[in-house]
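Below is work_37.cif, which holds mmCIF, C-alpha atoms and all ligand atoms.
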```
data_model
#
loop_
_atom_site.label_atom_id
_atom_site.label_comp_id
_atom_site.auth_asym_id
_atom_site.auth_seq_id
_atom_site.Cartn_x
_atom_site.Cartn_y
_atom_site.Cartn_z
CA MET C 804 28.44 21.17 -32.28
CA GLN C 805 25.48 23.46 -32.93
CA ASN C 806 22.00 21.94 -33.25
CA ASN C 807 21.54 23.01 -36.89
CA LYS C 808 24.84 21.33 -37.85
CA ILE C 809 23.81 18.11 -36.07
CA THR C 810 20.38 18.24 -37.74
CA GLU C 811 22.03 18.63 -41.15
CA GLN C 812 24.30 15.63 -40.55
CA ILE C 813 21.44 13.46 -39.29
CA ASN C 814 19.29 14.28 -42.31
CA LYS C 815 22.20 13.47 -44.64
CA LEU C 816 22.87 10.13 -42.93
CA LYS C 817 19.18 9.23 -42.99
CA LYS C 818 19.19 9.51 -46.78
CA GLU C 819 22.49 7.65 -47.22
CA LYS C 820 21.47 4.77 -44.97
CA ASN C 821 17.75 4.61 -45.78
CA ALA C 822 16.86 5.36 -42.16
CA ILE C 823 13.89 7.01 -40.49
CA VAL C 824 13.52 8.66 -37.11
CA LEU C 825 10.33 8.07 -35.11
CA ALA C 826 9.74 10.47 -32.23
CA HIS C 827 7.31 10.22 -29.34
CA THR C 828 5.41 13.37 -28.34
CA TYR C 829 7.28 13.50 -25.00
CA GLN C 830 10.67 13.88 -26.66
CA ASN C 831 12.62 17.13 -26.43
CA VAL C 832 10.89 19.26 -29.03
CA GLU C 833 14.04 19.89 -31.14
CA ILE C 834 14.04 16.16 -32.01
CA ASP C 835 11.12 16.92 -34.37
CA GLU C 836 13.63 18.70 -36.65
CA VAL C 837 14.94 15.27 -37.68
CA ALA C 838 11.83 13.14 -37.09
CA ASP C 839 9.96 11.62 -40.02
CA PHE C 840 6.97 10.90 -37.82
CA THR C 841 6.01 12.24 -34.38
CA GLY C 842 3.07 10.91 -32.40
CA ASP C 843 1.66 8.60 -29.76
CA SER C 844 2.55 4.93 -29.24
CA LEU C 845 -0.18 3.61 -31.53
CA TYR C 846 0.73 5.89 -34.43
CA LEU C 847 4.43 5.13 -34.08
CA SER C 848 3.85 1.34 -33.95
CA ARG C 849 1.89 1.61 -37.18
CA MET C 850 4.69 3.64 -38.77
CA ALA C 851 7.28 1.10 -37.60
CA ALA C 852 5.20 -1.75 -39.06
CA ASN C 853 4.74 -0.04 -42.43
CA THR C 854 8.07 1.59 -43.23
CA ASP C 855 10.37 0.43 -46.05
CA ALA C 856 13.40 1.97 -44.35
CA LYS C 857 16.26 -0.33 -43.35
CA ILE C 858 17.01 1.45 -40.09
CA ILE C 859 14.55 2.82 -37.54
CA VAL C 860 15.93 5.23 -34.95
CA PHE C 861 13.33 5.28 -32.19
CA ALA C 862 13.44 8.51 -30.21
CA GLY C 863 11.32 7.29 -27.32
CA VAL C 864 11.74 4.79 -24.51
CA TYR C 865 12.98 1.20 -24.62
CA PHE C 866 9.62 -0.60 -24.89
CA MET C 867 8.73 1.52 -27.92
CA ALA C 868 11.92 0.58 -29.76
CA GLU C 869 11.39 -3.05 -28.72
CA THR C 870 7.84 -2.95 -30.13
CA ALA C 871 9.20 -1.57 -33.41
CA LYS C 872 11.73 -4.43 -33.55
CA ILE C 873 9.01 -7.03 -32.89
CA LEU C 874 6.90 -5.55 -35.69
CA SER C 875 9.83 -5.23 -38.11
CA PRO C 876 12.34 -7.96 -37.16
CA GLU C 877 14.26 -7.61 -40.42
CA LYS C 878 15.05 -3.95 -39.67
CA LYS C 879 17.78 -2.48 -37.55
CA VAL C 880 16.14 -0.61 -34.65
CA LEU C 881 18.33 1.80 -32.71
CA LEU C 882 17.57 3.58 -29.42
CA PRO C 883 19.45 6.89 -29.19
CA ASN C 884 20.16 6.61 -25.46
CA MET C 885 20.04 3.33 -23.57
CA ASN C 886 19.05 5.09 -20.32
CA SER C 887 15.59 5.67 -21.79
CA GLY C 888 13.58 3.03 -19.97
CA CYS C 889 9.92 3.27 -18.93
CA LEU C 890 9.43 2.92 -15.17
CA MET C 891 5.92 1.57 -15.63
CA ALA C 892 7.02 -1.12 -18.10
CA ASP C 893 9.53 -2.33 -15.53
CA MET C 894 6.86 -2.75 -12.83
CA ILE C 895 5.85 -6.21 -14.05
CA ASN C 896 8.04 -9.08 -15.24
CA LEU C 897 7.17 -12.49 -16.62
CA HIS C 898 7.19 -14.18 -13.21
CA GLN C 899 4.89 -11.52 -11.71
CA LEU C 900 2.53 -11.81 -14.67
CA ARG C 901 2.36 -15.59 -14.27
CA GLU C 902 1.57 -15.20 -10.56
CA PHE C 903 -1.15 -12.66 -11.39
CA LYS C 904 -2.67 -15.06 -13.94
CA LYS C 905 -2.52 -17.92 -11.43
CA LYS C 906 -4.54 -15.83 -8.98
CA HIS C 907 -7.18 -15.17 -11.67
CA PRO C 908 -7.22 -18.28 -13.89
CA GLY C 909 -8.95 -18.39 -17.27
CA ILE C 910 -9.27 -14.61 -17.70
CA PRO C 911 -7.78 -12.99 -20.84
CA VAL C 912 -4.84 -10.65 -20.34
CA VAL C 913 -4.72 -7.22 -21.96
CA CYS C 914 -1.28 -5.68 -21.75
CA TYR C 915 -0.63 -2.00 -22.19
CA VAL C 916 2.06 -1.45 -24.83
CA ASN C 917 4.15 0.07 -21.99
CA SER C 918 5.42 -3.40 -21.08
CA THR C 919 8.36 -5.66 -21.88
CA ALA C 920 8.44 -8.07 -24.83
CA GLU C 921 8.27 -10.99 -22.38
CA VAL C 922 5.09 -9.65 -20.78
CA LYS C 923 3.58 -9.10 -24.23
CA SER C 924 4.51 -12.66 -25.18
CA GLU C 925 2.47 -14.00 -22.26
CA SER C 926 -0.59 -11.76 -22.87
CA ASP C 927 -3.60 -12.20 -25.14
CA VAL C 928 -3.82 -8.76 -26.68
CA CYS C 929 -1.95 -5.49 -26.49
CA CYS C 930 -3.41 -1.98 -26.32
CA THR C 931 -2.24 1.62 -26.20
CA SER C 932 -3.78 4.60 -24.46
CA ALA C 933 -5.42 5.49 -27.79
CA ASN C 934 -7.35 2.24 -28.18
CA ALA C 935 -7.52 0.59 -24.72
CA VAL C 936 -11.30 1.00 -24.39
CA ASP C 937 -11.94 -0.30 -27.93
CA VAL C 938 -9.59 -3.25 -27.53
CA VAL C 939 -11.20 -4.39 -24.27
CA ARG C 940 -14.67 -3.90 -25.75
CA ALA C 941 -13.73 -5.89 -28.87
CA LEU C 942 -12.47 -8.78 -26.74
CA GLY C 943 -16.06 -9.34 -25.65
CA ALA C 944 -15.03 -10.90 -22.32
CA LYS C 945 -16.93 -10.33 -19.07
CA GLU C 946 -13.67 -10.06 -17.13
CA VAL C 947 -10.16 -9.04 -18.20
CA LEU C 948 -6.80 -8.80 -16.49
CA PHE C 949 -5.13 -5.49 -17.30
CA VAL C 950 -1.36 -5.00 -16.88
CA PRO C 951 0.69 -3.07 -15.87
CA ASP C 952 -1.17 0.26 -15.50
CA THR C 953 -3.80 0.17 -12.78
CA TYR C 954 -4.99 3.70 -13.67
CA LEU C 955 -5.47 3.12 -17.39
CA GLY C 956 -7.14 -0.20 -16.56
CA THR C 957 -9.46 1.46 -14.06
CA TYR C 958 -10.30 4.17 -16.59
CA VAL C 959 -11.22 1.47 -19.15
CA GLY C 960 -13.49 -0.11 -16.51
CA THR C 961 -15.33 3.19 -15.99
CA GLN C 962 -16.00 3.35 -19.76
CA LEU C 963 -17.25 -0.24 -20.10
CA LYS C 964 -19.83 -0.90 -17.44
CA ASP C 965 -20.34 -4.54 -18.49
CA VAL C 966 -16.69 -5.55 -18.18
CA LYS C 967 -14.89 -6.22 -14.90
CA VAL C 968 -11.33 -4.96 -15.34
CA ILE C 969 -8.95 -6.50 -12.82
CA THR C 970 -5.82 -4.38 -12.75
CA TYR C 971 -2.22 -5.03 -11.81
CA PRO C 972 -0.80 -2.40 -9.42
CA GLY C 973 1.61 -0.66 -11.84
CA HIS C 974 1.62 3.06 -12.56
CA CYS C 975 3.43 5.90 -14.28
CA PRO C 976 5.35 7.95 -11.70
CA THR C 977 5.26 11.04 -13.94
CA HIS C 978 1.47 11.03 -14.28
CA LEU C 979 0.95 10.09 -10.65
CA ARG C 980 2.79 13.23 -9.57
CA ILE C 981 -0.15 15.22 -10.96
CA ARG C 982 -2.70 15.88 -8.19
CA PRO C 983 -6.38 16.96 -8.30
CA GLU C 984 -5.26 20.09 -6.37
CA ASP C 985 -3.06 21.03 -9.36
CA ILE C 986 -6.13 21.12 -11.59
CA ILE C 987 -8.22 23.05 -9.07
CA GLU C 988 -5.43 25.61 -8.71
CA LYS C 989 -4.98 26.01 -12.48
CA LYS C 990 -8.75 26.25 -13.05
CA GLU C 991 -8.89 29.14 -10.57
CA LYS C 992 -6.25 30.95 -12.62
CA TYR C 993 -7.62 29.95 -16.05
CA PRO C 994 -11.39 29.50 -15.49
CA ASP C 995 -12.23 29.25 -19.21
CA ALA C 996 -9.57 26.68 -20.01
CA LYS C 997 -10.58 23.13 -20.91
CA VAL C 998 -8.79 20.32 -19.08
CA LEU C 999 -7.30 17.64 -21.37
CA ALA C 1000 -5.85 14.63 -19.53
CA HIS C 1001 -3.97 11.41 -20.29
CA PRO C 1002 -5.62 8.21 -18.97
CA GLU C 1003 -2.45 7.23 -17.07
CA CYS C 1004 -3.46 9.89 -14.52
CA HIS C 1005 -5.07 9.04 -11.19
CA GLY C 1006 -8.87 8.57 -11.33
CA GLU C 1007 -9.42 11.65 -9.13
CA VAL C 1008 -7.56 13.72 -11.75
CA ILE C 1009 -9.47 12.12 -14.64
CA LYS C 1010 -12.77 13.06 -12.95
CA LEU C 1011 -11.84 16.74 -13.32
CA ALA C 1012 -11.00 16.49 -17.03
CA ASP C 1013 -13.13 17.68 -19.94
CA PHE C 1014 -11.40 15.29 -22.33
CA VAL C 1015 -9.34 12.12 -21.80
CA GLY C 1016 -7.09 10.67 -24.50
CA SER C 1017 -3.70 9.60 -25.76
CA THR C 1018 -1.05 12.21 -26.45
CA THR C 1019 -2.00 12.41 -30.13
CA ALA C 1020 -5.71 12.52 -29.23
CA ILE C 1021 -5.05 15.42 -26.83
CA MET C 1022 -3.18 17.31 -29.55
CA LYS C 1023 -5.88 16.63 -32.13
CA HIS C 1024 -8.63 17.69 -29.74
CA ALA C 1025 -6.84 20.94 -28.87
CA SER C 1026 -6.21 21.78 -32.52
CA GLU C 1027 -9.78 21.09 -33.68
CA SER C 1028 -11.65 22.54 -30.72
CA LYS C 1029 -13.28 25.96 -30.90
CA ASP C 1030 -11.94 26.62 -27.40
CA LYS C 1031 -8.89 28.81 -27.14
CA SER C 1032 -7.39 27.89 -23.78
CA PHE C 1033 -6.34 24.48 -22.44
CA ILE C 1034 -4.81 23.00 -19.30
CA ILE C 1035 -2.73 20.05 -20.51
CA VAL C 1036 -2.57 17.19 -18.03
CA THR C 1037 0.23 15.06 -19.34
CA GLU C 1038 3.95 15.31 -20.02
CA LYS C 1039 5.53 18.65 -20.95
CA GLY C 1040 6.53 17.56 -24.49
CA VAL C 1041 2.88 17.73 -25.56
CA VAL C 1042 2.59 21.33 -24.35
CA ASP C 1043 5.83 22.33 -26.09
CA ARG C 1044 4.50 20.99 -29.40
CA LEU C 1045 1.05 22.54 -28.98
CA LYS C 1046 2.57 25.97 -28.25
CA ARG C 1047 4.79 25.67 -31.31
CA ASP C 1048 2.01 24.49 -33.64
CA TYR C 1049 -0.91 26.67 -32.45
CA PRO C 1050 0.54 29.97 -31.22
CA GLU C 1051 -2.90 31.60 -31.42
CA LYS C 1052 -4.16 29.35 -28.59
CA GLU C 1053 -3.20 29.18 -24.92
CA PHE C 1054 -1.72 26.01 -23.42
CA VAL C 1055 -0.96 25.65 -19.73
CA LEU C 1056 1.21 22.82 -18.42
CA ILE C 1057 -0.51 21.30 -15.41
CA SER C 1058 2.66 21.16 -13.34
CA GLU C 1059 6.41 21.55 -13.73
CA ARG C 1060 6.56 18.04 -12.20
CA ALA C 1061 4.92 16.61 -15.34
CA ILE C 1062 8.21 15.67 -16.97
CA CYS C 1063 9.26 12.12 -17.81
CA PRO C 1064 13.02 12.17 -17.18
CA ASN C 1065 13.45 8.93 -19.11
CA MET C 1066 11.98 10.41 -22.27
CA LYS C 1067 14.34 13.38 -22.03
CA TRP C 1068 17.58 11.36 -22.22
CA ASN C 1069 17.56 11.30 -26.01
CA LYS C 1070 19.43 14.26 -27.46
CA LEU C 1071 20.17 15.17 -31.09
CA GLU C 1072 23.81 14.14 -30.46
CA ASP C 1073 22.60 10.65 -29.47
CA ILE C 1074 20.60 10.31 -32.69
CA LEU C 1075 23.64 11.32 -34.72
CA ASN C 1076 25.80 8.85 -32.78
CA VAL C 1077 23.52 5.84 -33.33
CA LEU C 1078 23.05 6.67 -36.99
CA GLU C 1079 26.76 7.12 -37.59
CA ASN C 1080 27.96 4.09 -35.64
CA GLU C 1081 24.85 1.86 -35.74
CA VAL C 1082 25.10 1.18 -32.00
CA ASN C 1083 22.39 0.65 -29.34
CA GLU C 1084 20.68 -1.92 -31.51
CA ILE C 1085 17.56 -3.52 -30.02
CA ASP C 1086 17.45 -7.28 -30.05
CA VAL C 1087 14.54 -9.49 -28.98
CA ASP C 1088 14.74 -13.27 -28.51
CA SER C 1089 13.05 -14.80 -31.57
CA GLU C 1090 10.66 -17.08 -29.63
CA ILE C 1091 9.51 -14.23 -27.39
CA ALA C 1092 9.29 -11.89 -30.39
CA LYS C 1093 7.05 -14.34 -32.26
CA LYS C 1094 4.54 -14.55 -29.40
CA ALA C 1095 4.73 -10.82 -28.64
CA PHE C 1096 4.14 -10.12 -32.35
CA ALA C 1097 0.87 -12.07 -32.21
CA THR C 1098 -0.27 -10.02 -29.19
CA ILE C 1099 0.54 -6.69 -30.87
CA ASP C 1100 -0.77 -7.80 -34.26
CA ARG C 1101 -4.13 -8.72 -32.71
CA MET C 1102 -4.38 -5.13 -31.50
CA LEU C 1103 -3.41 -3.64 -34.88
CA LYS C 1104 -6.05 -5.78 -36.60
CA LEU C 1105 -8.84 -4.86 -34.20
P1 LIG C 1201 0.73 7.67 -25.67
O1 LIG C 1201 0.54 6.36 -26.33
O2 LIG C 1201 -0.53 8.36 -25.35
O3 LIG C 1201 1.65 8.52 -26.47
O4 LIG C 1201 1.41 7.44 -24.25
C1 LIG C 1201 2.60 6.77 -24.05
C2 LIG C 1201 3.14 7.01 -22.72
O5 LIG C 1201 4.14 6.49 -22.33
C3 LIG C 1201 2.42 7.91 -21.87
O6 LIG C 1201 3.08 8.05 -20.66
FE1 LIG C 1202 6.76 5.43 -18.94
FE2 LIG C 1202 5.43 7.31 -17.59
FE3 LIG C 1202 7.55 7.99 -18.99
FE4 LIG C 1202 5.29 7.25 -20.24
S1 LIG C 1202 5.61 9.05 -18.96
S2 LIG C 1202 7.36 6.61 -20.73
S3 LIG C 1202 4.56 5.67 -18.82
S4 LIG C 1202 7.52 6.61 -17.20
#
```
Turn the structure described in the file into structure tokens.
Ligand code: 13P
Ligand code: SF4
Amino acid sequence: MQNNKITEQINKLKKEKNAIVLAHTYQNVEIDEVADFTGDSLYLSRMAANTDAKIIVFAGVYFMAETAKILSPEKKVLLPNMNSGCLMADMINLHQLREFKKKHPGIPVVCYVNSTAEVKSESDVCCTSANAVDVVRALGAKEVLFVPDTYLGTYVGTQLKDVKVITYPGHCPTHLRIRPEDIIEKKEKYPDAKVLAHPECHGEVIKLADFVGSTTAIMKHASESKDKSFIIVTEKGVVDRLKRDYPEKEFVLISERAICPNMKWNKLEDILNVLENEVNEIDVDSEIAKKAFATIDRMLKL
């Protein structure tokens, strides 16, 4: 079936079933044709928490749909394609978190939203790339444990000199494939371009950036800046959207390796399938969900 036909059917079903589609900025760009909201993890969690819709189709990866379910347990949350996991979220499980806490007793745990519901349930507060620095600052602790992303945690530590951030050795394979040499090479070709990077990147990459922020923050910065040319140091979906929305500006993808294969599983056909058949429903154990809710809610209230 052609994309415009699928889009038409999805939009019809959304109305009939009182459903919304949330799309992460790394999704295939054509998903935006059916998305009610597109953005970073923080924005999408807020949308999931506030919607009146009965069904949420989460075009993103598993932990995002799980977070939506924790925030809106009475709603049906559907993931278009069950292959869409996040490799970083799977780098720490409950047992590993408990061992990490045992090694560093009495220190509050900040978990990046890219984590499982179980890990959230055993943490003190959640954060996203958009608010990690603010969340850790607001905690007011001298030391924090940060899981699972060692690079985001390290970045937070560089921004808060008075806080010791002890990080768990997890990472995002997509962002780690980006090397400082990639930036140097692109800067030689585009000397006037500003470098906008995601904080999941390696610290040596971050050092070369003019701006560091979440995917939505990168898009906002690029749209509002007086500069005309940008090297985008995150996943390709952000560049695709920037090129579409601001054709008068120049956007350079840092590397063809900057693609999250897990994010790209979701296709328009998958969205139509889950809406039609109400399959791939996300379920979270109620005890775990209750504790994980408290961890996420603390973040949303900060
Ligand atoms: P954002 O919250 O910045 O959208 O990032 C989510 C993510 O998975 C980045 O790899
Ligand atoms: Fe997970 Fe990295 Fe993909 Fe983001 S880009 S969803 S952190 S694997």
Item to complete: Write out as a PyMOL selection string each polymer residue whose atoms come within 12 Å of region 1052-1055 of chain C, counting only C-alpha atoms; drop sequence neighbours fewer than 6 positions from it.
Response: chain C and resi 985-986+988-990+992-999+1021-1022+1025-1046+1061
Ligand LIG 1201 (chain C): axis-aligned bounding box, 5 Å on each side, centre and edge lengths in Å, one decimal, as JSON:
```
{"center_x": 1.8, "center_y": 7.4, "center_z": -23.6, "size_x": 14.7, "size_y": 12.2, "size_z": 15.8}
```
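Among the candidates C:Gly1006, C:Pro908, C:Gly888, C:Pro876, the residue lying nearest to ligand LIG 1201 (chain C) is C:Gly888 (atoms considered: only C-alpha atoms and all ligand atoms).
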Fill in: Contacts of ligand LIG 1202 (chain C), 7 Å or closer, only C-alpha atoms and all ligand atoms, given as a list in words
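Those residues are Val864, Cys889, Leu890, Met891, Ala892, Asn917, Cys975, Pro976, Thr977, His978, Glu1038, Cys1063, Asn1065 and Met1066 of chain C.
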Contacts of chain C with ligand LIG 1201 (chain C) up to 6 Å, shortest pair per row, all atoms listed in the file, as CSV:
```
residue,atom,partner,partner_atom,distance
C:Asp843,CA,C:LIG1201,O3,3.3
C:Ser844,CA,C:LIG1201,O1,3.8
C:Leu845,CA,C:LIG1201,O1,5.9
C:Thr931,CA,C:LIG1201,O1,5.5
C:Ser932,CA,C:LIG1201,O1,5.0
C:Ser1017,CA,C:LIG1201,O2,3.4
C:Thr1018,CA,C:LIG1201,O2,4.0
```
For region 874-912 of chain C versus region 1078-1101 of chain C, which residues have an atom no more than 12 Å away, and what is each residue's nearest atom pair and distance in Å rounded to one decimal, using all atoms listed in the file, chain-then-number order, as a tab-separated table?
```
residue	atom	partner	partner_atom	distance
C:Leu874	CA	C:Phe1096	CA	6.3
C:Ser875	CA	C:Phe1096	CA	9.5
C:Pro876	CA	C:Ala1092	CA	8.4
C:Glu877	CA	C:Asp1086	CA	10.9
C:Lys878	CA	C:Ile1085	CA	10.0
C:Lys879	CA	C:Glu1084	CA	6.7
C:Val880	CA	C:Ile1085	CA	5.6
C:Leu881	CA	C:Glu1084	CA	4.6
C:Leu882	CA	C:Asn1083	CA	5.6
C:Pro883	CA	C:Asn1083	CA	6.9
C:Asn884	CA	C:Asn1083	CA	7.5
C:Met885	CA	C:Asn1083	CA	6.8
C:Asn886	CA	C:Asn1083	CA	10.6
C:Ser887	CA	C:Asn1083	CA	11.3
C:Leu897	CA	C:Ile1091	CA	11.2
C:Pro911	CA	C:Thr1098	CA	11.6
C:Val912	CA	C:Thr1098	CA	10.0
```
